[in-house]
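A.B. asks: Here you go, one structure.
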Amino acid sequence: IAHKTNVNKDNQELHIEDHYHGKVHLLQTEKEISAFSTCLEKGINMFSSDYPICISCLDHYSQLEAVLTLSALKTKFEFDIFIDESDSMALYHEVKKSEARKDNIVDSLIRQSSIRRFICLTATPFTEIASSLHWDEIVTVKPGSNYKGLEDCLVEKVTESAMKEFNQGVIPHSIEEVIKEQATFSNTVTLISTKKGNALHYKQAKAISALLGQDCLVAVLNSSTDQKYFVQGKSRYVPTKRNGKGQLKELFDVAKKYSKLFIVGFDMLSRSVTFKRDKFQEISGLLFSASDDTTLAFMIQRLGRGCGYQDRAATIFTDKEKLVRQGLLQYPVMLDVASKYKDPEERMKALLHEVPLFFPNVFGEKNNGKKIK
């Protein structure tokens with residue numbers, strides 16, 4: 001189960017195909033899942049080979065309902081469920097203030113007798129702390145020696161006034177210097193993630209590209225269907241432009257001709273996606289901003305796009321230096337609670353009595369009604 005966007009789902013399916021070397025029956029749409037369910041009910045074999053069957057869907061309620069209908073059938077099949085970015089759901093929360101329909105479907109999915117394993121995957125397991133679920137097993141994945149995490153990143157301050165101008169589509173001198181410096185790092189990616197808004201992303205991208213030479217590509221990554229590529233202040237027309245499926249592959253195919261890549265966006269520069277491919281194997285910098293009431297998970301996930309296996313750590317340029325520092329203090333404390341306690345009562349006891357709070361909005365609305373101070 002992929003999180004939120006077709007870009008994430010597309011990326012997930014590339015990994016699935018690669019893992020099985022193409023020898024897999026992949027169900028990718030709500031209609032395909034429903035057809036498979038109907039075939040099972042009628043005793044029809046939908047597939048001519050005995051390759052493994054894998055369902056790839058988004059965490060949208062309509063697709064989740066199709067998966068739930070399938071899992072409720074009395075068949076020979078057992079299912080392993082892998083839910084990516086599981087903390088975006090309020091699993092087994094008695095109090096649900098947002099997206100309750102989707103979360104309730106997943107709660108029902110967990111209870112189905114056909115579910116053999118239910119595996120939650122996330123780098124920010126904070127809603128899991130507030131959950132009433134008792135975990136059978138908690139596995140902490142340790143990064144390799146060459147991994148550069150947030151603790152390795154240099155944080156440099158951008159003034160609030162400069163960021164305000166930038167978020168109006170105007171590039172002040174201080175941010176112009178950042179952009180031009182980033183452009184000197186050949187075969188690297190710089191991420192621009194300061195504010196939500198498709199129209200703004202195009203203004204920012206065009207303005208950035210106007211500062212740079214012909215060897216630099218600036219790309220917009222959002223849900224818009226407009227042309228997304230800019231070089232030297234002008235649109236770079238791509239006749240086979242894609243949105244959703246294949247969008248990331250297209251972006252890096254276009255970028256092959258350039259020595260520097262800037263990517264401008266917001267939601268699509270958050271969870272589940274790695275912005276490295278082909279010769280672009282390093283994130284050199286991240287121009288970042290956030291609202292003062294942003295949740296810890298959303299901020300960490302956005303900042304985390306600058307992490308990965310590379311020789312040099314990325315530099316974070318932000319007008320929210322204090323908030324970022326607070327988050328970097330809070331993050332390992334919360335990870336410790338999430339990884340240590342399987343029992344929900346023990347988790348909450350630790351959270352209420354042992355955990356120092358540095359960040360103003362740890363849970364957002366997905367706190368299961370737990371008040372922490």
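Ordering of the structure tokens sets the chain letters (A, B, ...), residue numbers begin anew at 1 in every chain, and ligands are numbered from 1 in the order given.
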Can you check which residues of region 152-212 of chain A DSSP gives as strand (DSSP E) on the backbone and send them as a VMD selection string?
C.D. replies: chain A and resid 154 to 157 188 to 193
A.B. asks: Please, which residues in region 121-174 of chain A fall within 10 Å of region 295-299 of chain A when counting only C-alpha atoms, and what is the closest atom pair and distance in Å to one decimal for each, ordered by chain then residue number, as a Markdown table?
C.D. replies:
```
| residue | atom | partner | partner_atom | distance |
| --- | --- | --- | --- | --- |
| A:Thr122 | CA | A:Ala297 | CA | 9.9 |
| A:Ala123 | CA | A:Ala297 | CA | 8.6 |
| A:Thr124 | CA | A:Ala297 | CA | 5.6 |
| A:Pro125 | CA | A:Ala297 | CA | 8.2 |
| A:Phe126 | CA | A:Ala297 | CA | 7.3 |
| A:Thr127 | CA | A:Ala297 | CA | 9.2 |
```
A.B. asks: For CA of Gly144 (chain A) and CA of Pro332 (chain A), determine how far apart the two atoms are, in Å to one decimal place.
C.D. replies: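 Distance between the two atoms: 17.7 Å.
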A.B. asks: What's the 10 Å shell around Lys74 (chain A), counting only C-alpha atoms, without same-chain residues fewer than 2 positions away, as an MDAnalysis selection string?
C.D. replies: chainID A and resid 40:41 70:72 76:78 113:114
A.B. asks: Report, in Å with one decimal, the straight-line distance from CA of Ser339 (chain A) to CA of Gln112 (chain A).
C.D. replies: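 That distance, rounded to one decimal, is 25.8 Å.
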A.B. asks: Set the distance at 12 Å and use only C-alpha atoms: which residues neighbour region 160-166 of chain A once local chain neighbours fewer than 5 positions away are removed? I'd like the list as a CSV table (one decimal) with C-alpha atoms, in the first residue's frame.
C.D. replies:
```csv
chain,number,residue,atom,x,y,z
A,171,ILE,CA,14.5,35.6,-5.6
A,172,PRO,CA,16.3,37.8,-3.1
A,173,HIS,CA,20.0,38.2,-3.2
A,174,SER,CA,20.8,35.9,-0.3
A,175,ILE,CA,18.8,33.0,-1.9
A,176,GLU,CA,20.3,33.8,-5.3
A,177,GLU,CA,23.7,33.2,-3.8
A,178,VAL,CA,22.6,29.8,-2.4
A,179,ILE,CA,21.2,28.7,-5.8
A,192,ILE,CA,13.4,23.3,-3.4
A,193,SER,CA,10.6,22.7,-0.9
A,194,THR,CA,9.3,25.9,0.7
A,195,LYS,CA,5.6,26.2,0.3
A,200,LEU,CA,4.1,29.2,-7.1
A,201,HIS,CA,6.3,26.2,-8.0
A,203,LYS,CA,7.2,30.9,-10.7
A,204,GLN,CA,10.1,29.6,-8.5
A,205,ALA,CA,11.3,27.2,-11.1
A,207,ALA,CA,13.0,32.4,-11.7
A,208,ILE,CA,15.7,29.9,-10.6
A,287,LEU,CA,16.0,24.9,0.4
A,288,PHE,CA,13.3,24.3,3.1
A,289,SER,CA,10.5,26.1,4.9
A,290,ALA,CA,7.5,25.0,6.9
A,291,SER,CA,4.6,26.5,8.9
A,317,PHE,CA,19.0,26.2,4.0
A,318,THR,CA,16.0,27.3,6.0
A,319,ASP,CA,14.2,30.2,7.7
A,320,LYS,CA,13.0,27.7,10.3
A,321,GLU,CA,16.4,27.0,11.9
```
A.B. asks: What parts of region 248-336 of chain A does DSSP call alpha helix (DSSP H)? I'd like the answer as number ranges by chain.
C.D. replies: A: 248-255, 296-303, 321-336
A.B. asks: Those residues you just picked out, can you put them in a file as a CSV table (one decimal), in the first residue's frame with N, CA and C atoms?
C.D. replies:
```csv
chain,number,residue,atom,x,y,z
A,248,LEU,N,8.7,10.2,-12.6
A,248,LEU,CA,10.1,10.3,-12.1
A,248,LEU,C,11.1,9.8,-13.1
A,249,LYS,N,10.7,8.7,-13.8
A,249,LYS,CA,11.6,8.2,-14.9
A,249,LYS,C,11.8,9.3,-16.0
A,250,GLU,N,10.7,9.9,-16.3
A,250,GLU,CA,10.8,10.9,-17.4
A,250,GLU,C,11.7,12.1,-16.9
A,251,LEU,N,11.5,12.5,-15.6
A,251,LEU,CA,12.3,13.6,-15.1
A,251,LEU,C,13.8,13.3,-15.2
A,252,PHE,N,14.2,12.1,-14.8
A,252,PHE,CA,15.7,11.8,-14.9
A,252,PHE,C,16.1,11.5,-16.3
A,253,ASP,N,15.2,11.1,-17.2
A,253,ASP,CA,15.6,10.9,-18.6
A,253,ASP,C,15.9,12.3,-19.2
A,254,VAL,N,15.0,13.3,-18.9
A,254,VAL,CA,15.3,14.6,-19.4
A,254,VAL,C,16.6,15.2,-18.8
A,255,ALA,N,16.8,14.9,-17.5
A,255,ALA,CA,18.0,15.5,-16.8
A,255,ALA,C,19.3,14.9,-17.3
A,296,LEU,N,5.7,17.0,13.5
A,296,LEU,CA,7.1,16.5,13.5
A,296,LEU,C,7.3,15.5,12.3
A,297,ALA,N,6.4,14.6,12.1
A,297,ALA,CA,6.6,13.6,11.1
A,297,ALA,C,6.7,14.3,9.7
A,298,PHE,N,5.8,15.2,9.4
A,298,PHE,CA,5.8,15.9,8.1
A,298,PHE,C,7.1,16.6,7.9
A,299,MET,N,7.6,17.3,8.9
A,299,MET,CA,8.8,18.0,8.7
A,299,MET,C,10.0,17.1,8.5
A,300,ILE,N,10.1,16.0,9.4
A,300,ILE,CA,11.2,15.1,9.3
A,300,ILE,C,11.2,14.4,7.9
A,301,GLN,N,10.0,14.0,7.4
A,301,GLN,CA,9.9,13.3,6.2
A,301,GLN,C,10.4,14.2,5.0
A,302,ARG,N,10.0,15.5,5.1
A,302,ARG,CA,10.4,16.4,4.0
A,302,ARG,C,12.0,16.7,4.1
A,303,LEU,N,12.5,16.9,5.3
A,303,LEU,CA,13.9,17.1,5.4
A,303,LEU,C,14.7,15.8,5.0
A,321,GLU,N,15.2,27.7,11.3
A,321,GLU,CA,16.4,27.0,11.9
A,321,GLU,C,16.0,26.5,13.3
A,322,LYS,N,15.4,27.3,14.2
A,322,LYS,CA,15.0,26.8,15.5
A,322,LYS,C,14.1,25.6,15.5
A,323,LEU,N,13.1,25.7,14.6
A,323,LEU,CA,12.1,24.6,14.5
A,323,LEU,C,12.8,23.3,14.1
A,324,VAL,N,13.7,23.4,13.1
A,324,VAL,CA,14.5,22.3,12.6
A,324,VAL,C,15.3,21.7,13.7
A,325,ARG,N,16.0,22.6,14.5
A,325,ARG,CA,16.8,22.1,15.6
A,325,ARG,C,16.0,21.4,16.7
A,326,GLN,N,14.8,21.9,17.0
A,326,GLN,CA,13.9,21.3,17.9
A,326,GLN,C,13.5,19.9,17.4
A,327,GLY,N,13.2,19.8,16.1
A,327,GLY,CA,12.8,18.5,15.5
A,327,GLY,C,13.9,17.5,15.6
A,328,LEU,N,15.1,18.0,15.3
A,328,LEU,CA,16.2,17.0,15.3
A,328,LEU,C,16.6,16.5,16.7
A,329,LEU,N,16.2,17.3,17.8
A,329,LEU,CA,16.3,16.9,19.1
A,329,LEU,C,15.2,15.9,19.5
A,330,GLN,N,14.0,16.2,19.0
A,330,GLN,CA,12.8,15.3,19.4
A,330,GLN,C,12.8,14.0,18.7
A,331,TYR,N,13.3,14.0,17.4
A,331,TYR,CA,13.2,12.8,16.6
A,331,TYR,C,13.8,11.5,17.2
A,332,PRO,N,15.0,11.5,17.7
A,332,PRO,CA,15.6,10.3,18.3
A,332,PRO,C,14.9,9.9,19.5
A,333,VAL,N,14.4,10.8,20.3
A,333,VAL,CA,13.7,10.5,21.5
A,333,VAL,C,12.4,9.7,21.2
A,334,MET,N,11.7,10.1,20.2
A,334,MET,CA,10.4,9.5,19.8
A,334,MET,C,10.7,8.1,19.2
A,335,LEU,N,11.8,8.0,18.4
A,335,LEU,CA,12.2,6.7,17.8
A,335,LEU,C,12.5,5.7,18.9
A,336,ASP,N,13.1,6.2,20.0
A,336,ASP,CA,13.5,5.3,21.1
A,336,ASP,C,12.2,4.7,21.7
```
